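**Q** Quick one: this structure, given as structure tokens, is what I'll be asking you about.
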Amino acid sequence: MNLPNTSQKRIVIIGGGFGGISLAKKLKNLDVQVVLIDRHNYHTFQPLLYQVSTSGLEPDSIAYPIRKVLKRLKNFHFRLASVEKINPDTKEIKTNIGELTYDYLVLATGTKTNFFGNANIEKHAMPMKTVPQALNIRSLMLQNFEKADDSESDEERKALLTFCIVGAGPTGVELAGAFAELKRNVFPKDYRHLNVDEMEIHLFEGGPRILGPMSEHASEKSNQFLKRLGVKVHLNTIVADYDGDLLTKANGETLKTKNLIWAAGVTGASIAGFENTKLVERLNRYKVNLFNQLEGCSDVFAIGDIAYMETENFPNGHPQVAQPAIQQGEHLAKNLNLIFQEKPMKPFTYFDKGTLATIGRNRAVADLGKLKFSGFFAWFIWMFVHLMALVGFRNKMIVFFNWAYNYINYDKAARLIVRPFKQKT
């Protein structure tokens, strides 16, 4: 893989998400060689992917080149590659561009969309885990509005203007709110000869309430906000099938739609090479100890969404959101430093900073410990937190000015079909 030979210890990090980036940043003062491998040459700020898919932001607002993020690291190497297999016995990693060895390996591969074995849904539904997938959703939405404006069939037009979102976690709720804002403020001006009131937004949740991981207060307020925006919320409803035209519920009821976005769950993006005993099979996450080490592997660690750490406060593992990944990455850097000093490592303790979700303009919910907020104040907190968490001054400024423009003009500027999306057949 054309890496220089060195007497330094080599730390290989697989994955340039929140965990991998936070770890690499904290390794800058260590006398080690750091190699980061990712399938993309950029870090994605995933909490704002839904704004790319609904024309609120351009993708370069929430993506940042990995090489630029880590430019201050000495002895740092990035490789654009897909990891195919790991051999822990020989400490070798096989990728699509070659092989390399490691002294210490960190798995920070995150998650991928979980379709729960439903091949039809996987084939026809729209996932939203990456920038290209978010752009696919944006293109599909705008293409279907163009088709609806040109359609003479009431039935076809209704299907084109029916948007279904499966999964009412933060992603699903934020998507539904963003679609509703488009329907209310943007599309009536763009499609003046189309009855935009025909647009329907359906949010399906298999459980008894939306935003299940958040408080009852957040769930109730979010439900109220969505209904005021005209979103049809379906609780205790399982989507069993989708063929590209017809959504089928578990109870046999159907709904015609050309737009199905799948936000119903994720599963760990594991890599071949480790025994199944190291995986929590139902979650596809690596089981780690309090130091983020894989069981039986003192030189292999896992952090973030792919890591499953059972603690007294989190008996089912940490939530698969950005904060645990960031904190585990920073903590692991400290532990690696202790290893090189031949000192004992310190166990990881997660500090929950709270959970936020936005439901359109001036509407959000915030669980900050015992404090529960909703409405404009929660929306302001959400906006500030996400703006500050973005990587790079340029990205912060672009997003700030986009949000200011959108707020003042009730508009979204990124309504471009740059790369047309073609449905699978």
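In the structure tokens, chains take the letters A, B, ... in the order shown, each chain's residues start at 1, and ligands count up from 1 in the order shown.
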Please provide as a short mmCIF file (atom, residue, chain, number, x, y, z; two decimals) with N, CA, C and O atoms, in the first residue's frame all residues within 9 Å of region 406-413 of chain A, with the sequence filter that same-chain residues fewer than 6 positions apart are discarded (counting only C-alpha atoms).
**A**
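This went into result.cif:
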data_model
loop_
_atom_site.label_atom_id
_atom_site.label_comp_id
_atom_site.auth_asym_id
_atom_site.auth_seq_id
_atom_site.Cartn_x
_atom_site.Cartn_y
_atom_site.Cartn_z
N THR A 54 -33.40 17.27 1.52
CA THR A 54 -34.60 18.11 1.36
C THR A 54 -34.24 19.52 0.88
O THR A 54 -35.01 20.46 1.08
N SER A 55 -33.08 19.66 0.24
CA SER A 55 -32.69 20.89 -0.47
C SER A 55 -32.32 22.05 0.45
O SER A 55 -32.19 23.18 -0.02
N GLY A 56 -32.14 21.80 1.73
CA GLY A 56 -31.77 22.88 2.63
C GLY A 56 -30.29 23.24 2.57
O GLY A 56 -29.92 24.40 2.76
N LEU A 57 -29.44 22.25 2.29
CA LEU A 57 -28.00 22.47 2.24
C LEU A 57 -27.40 21.71 1.06
O LEU A 57 -27.92 20.67 0.65
N GLU A 58 -26.29 22.23 0.55
CA GLU A 58 -25.52 21.50 -0.45
C GLU A 58 -24.61 20.51 0.28
O GLU A 58 -24.23 20.74 1.44
N GLU A 181 -42.25 21.51 5.62
CA GLU A 181 -41.87 22.91 5.39
C GLU A 181 -41.78 23.20 3.90
O GLU A 181 -42.15 24.30 3.44
N LEU A 182 -41.27 22.26 3.12
CA LEU A 182 -41.24 22.43 1.66
C LEU A 182 -42.65 22.58 1.10
O LEU A 182 -42.92 23.44 0.25
N ASN A 185 -43.99 26.17 2.39
CA ASN A 185 -43.35 27.44 2.07
C ASN A 185 -42.67 27.53 0.71
O ASN A 185 -42.47 28.64 0.20
N VAL A 186 -42.28 26.39 0.12
CA VAL A 186 -41.44 26.43 -1.07
C VAL A 186 -42.16 25.96 -2.33
O VAL A 186 -42.22 26.68 -3.34
N ARG A 361 -39.32 24.75 11.11
CA ARG A 361 -39.06 26.12 11.52
C ARG A 361 -39.60 26.41 12.92
O ARG A 361 -40.79 26.24 13.19
#
**Q** Neighbours of His202 (chain A) within 9 Å (only C-alpha atoms; same-chain residues fewer than 6 positions away dropped), as JSON, numbers by chain?
**A** {"A": [162, 163, 164, 165, 166, 176, 231, 232, 233, 234]}
**Q** Please provide the set of residues having any atom within 10 Å of region 102-107 of chain A, restricted to only C-alpha atoms, with same-chain residues fewer than 3 positions apart removed, written as number ranges by chain.
**A** A: 8-15, 19-20, 23, 33-36, 86, 88, 90-93, 110, 269-271, 286, 292-294, 297-307, 329, 332, 336
**Q** Between A:Tyr64, A:Ser22, A:Leu30, A:Ala81, which is the closest to Met1 (chain A) once you count only C-alpha atoms?
**A**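 Under the stated criterion, the closest residue is A:Ala81.
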**Q** Quick one: pick out all strand (DSSP E) residues within region 222-413 of chain A from a backbone DSSP run and write them as JSON, numbers by chain.
**A** {"A": [232, 233, 234, 239, 240, 241, 242, 246, 247, 248, 249, 254, 255, 256, 259, 260, 261, 262, 266, 267, 268, 279, 280, 285, 286, 287, 300, 301, 302, 307, 308, 355, 356, 357, 358, 364, 365, 366, 367, 368, 371, 372, 373, 374]}
**Q** Name the residues in contact with region 245-261 of chain A at a cut-off of 10 Å, using only C-alpha atoms, excluding same-chain residues fewer than 5 positions from it; report them as a PyMOL selection string.
**A** chain A and resi 121+124-128+137+140-141+144+155-167+172+175+200-204+237-240+423
**Q** So the first atom is CA of Met309 (chain A) and the second is CA of Arg285 (chain A); what is the distance between them in Å, to one decimal place?
**A**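 CA of Arg285 (chain A) lies at a distance of 9.4 Å from CA of Met309 (chain A).
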**Q** Between A:Leu27, A:Val196, A:Leu73, A:Ala366, which residue has the minimum interatomic distance to Lys334 (chain A), considering only C-alpha atoms?
**A**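 Of A:Leu27, A:Val196, A:Leu73, A:Ala366, the one nearest Lys334 (chain A), counting only C-alpha atoms, is A:Leu27.
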**Q** Where in region 240-334 of chain A does DSSP assign helix (DSSP H, G or I), given as an mmCIF file with C-alpha atoms, in the first residue's frame?
**A**
data_model
loop_
_atom_site.group_PDB
_atom_site.id
_atom_site.type_symbol
_atom_site.label_atom_id
_atom_site.label_comp_id
_atom_site.auth_asym_id
_atom_site.auth_seq_id
_atom_site.Cartn_x
_atom_site.Cartn_y
_atom_site.Cartn_z
ATOM 1 C CA ASN A 276 -18.635 -14.703 15.564
ATOM 2 C CA THR A 277 -18.174 -14.794 19.335
ATOM 3 C CA LYS A 278 -16.848 -11.237 19.143
ATOM 4 C CA GLY A 304 -18.568 4.369 18.170
ATOM 5 C CA ASP A 305 -21.612 2.721 16.646
ATOM 6 C CA ILE A 306 -19.830 -0.552 15.891
ATOM 7 C CA ALA A 322 -22.260 10.998 17.558
ATOM 8 C CA GLN A 323 -21.402 11.737 21.190
ATOM 9 C CA PRO A 324 -20.434 8.200 22.329
ATOM 10 C CA ALA A 325 -18.226 7.867 19.233
ATOM 11 C CA ILE A 326 -16.501 11.201 19.840
ATOM 12 C CA GLN A 327 -15.955 10.525 23.535
ATOM 13 C CA GLN A 328 -14.706 6.977 22.951
ATOM 14 C CA GLY A 329 -12.286 8.195 20.286
ATOM 15 C CA GLU A 330 -10.823 10.854 22.574
ATOM 16 C CA HIS A 331 -10.619 8.424 25.503
ATOM 17 C CA LEU A 332 -8.949 5.716 23.449
ATOM 18 C CA ALA A 333 -6.230 8.173 22.390
ATOM 19 C CA LYS A 334 -5.442 8.708 26.087
#
**Q** Which polymer residues have any atom within 12 Å of an atom of Phe377 (chain A), counting only C-alpha atoms, with same-chain residues fewer than 5 positions away left out, as a list in words?
**A** Leu356, Thr358, Arg361, Asn362, Arg363, Ala364, Val365, Ala366, Lys372, Trp382, Met383 and Phe384 of chain A
**Q** When you look at Leu416 (chain A) with a cut-off of 10 Å (counting only C-alpha atoms), what residues show up, excluding the ones that are within fewer than 4 positions of it in the same chain? I need them as a ChimeraX atom specification.
**A** /A:55,58,135,138-139,142-143,420
**Q** Can those selected residues be exported to a file as an mmCIF file, in the first residue's frame so that it contains N, CA and C atoms?
**A**
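Just written: part-v5.cif:
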data_model
loop_
_atom_site.group_PDB
_atom_site.id
_atom_site.type_symbol
_atom_site.label_atom_id
_atom_site.label_comp_id
_atom_site.auth_asym_id
_atom_site.auth_seq_id
_atom_site.Cartn_x
_atom_site.Cartn_y
_atom_site.Cartn_z
ATOM 1 N N SER A 55 -33.084 19.663 0.238
ATOM 2 C CA SER A 55 -32.689 20.893 -0.469
ATOM 3 C C SER A 55 -32.315 22.047 0.447
ATOM 4 N N GLU A 58 -26.291 22.229 0.545
ATOM 5 C CA GLU A 58 -25.525 21.497 -0.451
ATOM 6 C C GLU A 58 -24.605 20.509 0.276
ATOM 7 N N LEU A 135 -28.386 12.791 -1.788
ATOM 8 C CA LEU A 135 -28.581 13.434 -3.091
ATOM 9 C C LEU A 135 -29.574 12.656 -3.949
ATOM 10 N N ARG A 138 -32.967 13.743 -2.785
ATOM 11 C CA ARG A 138 -33.271 15.084 -3.304
ATOM 12 C C ARG A 138 -33.675 15.026 -4.771
ATOM 13 N N SER A 139 -32.913 14.280 -5.567
ATOM 14 C CA SER A 139 -33.222 14.175 -6.992
ATOM 15 C C SER A 139 -34.568 13.503 -7.216
ATOM 16 N N LEU A 142 -37.492 15.920 -6.385
ATOM 17 C CA LEU A 142 -37.694 16.967 -7.381
ATOM 18 C C LEU A 142 -38.138 16.395 -8.725
ATOM 19 N N GLN A 143 -37.580 15.243 -9.102
ATOM 20 C CA GLN A 143 -38.003 14.602 -10.352
ATOM 21 C C GLN A 143 -39.481 14.231 -10.296
ATOM 22 N N PRO A 420 -29.452 13.139 -11.929
ATOM 23 C CA PRO A 420 -30.765 12.476 -11.930
ATOM 24 C C PRO A 420 -30.707 11.086 -11.325
#
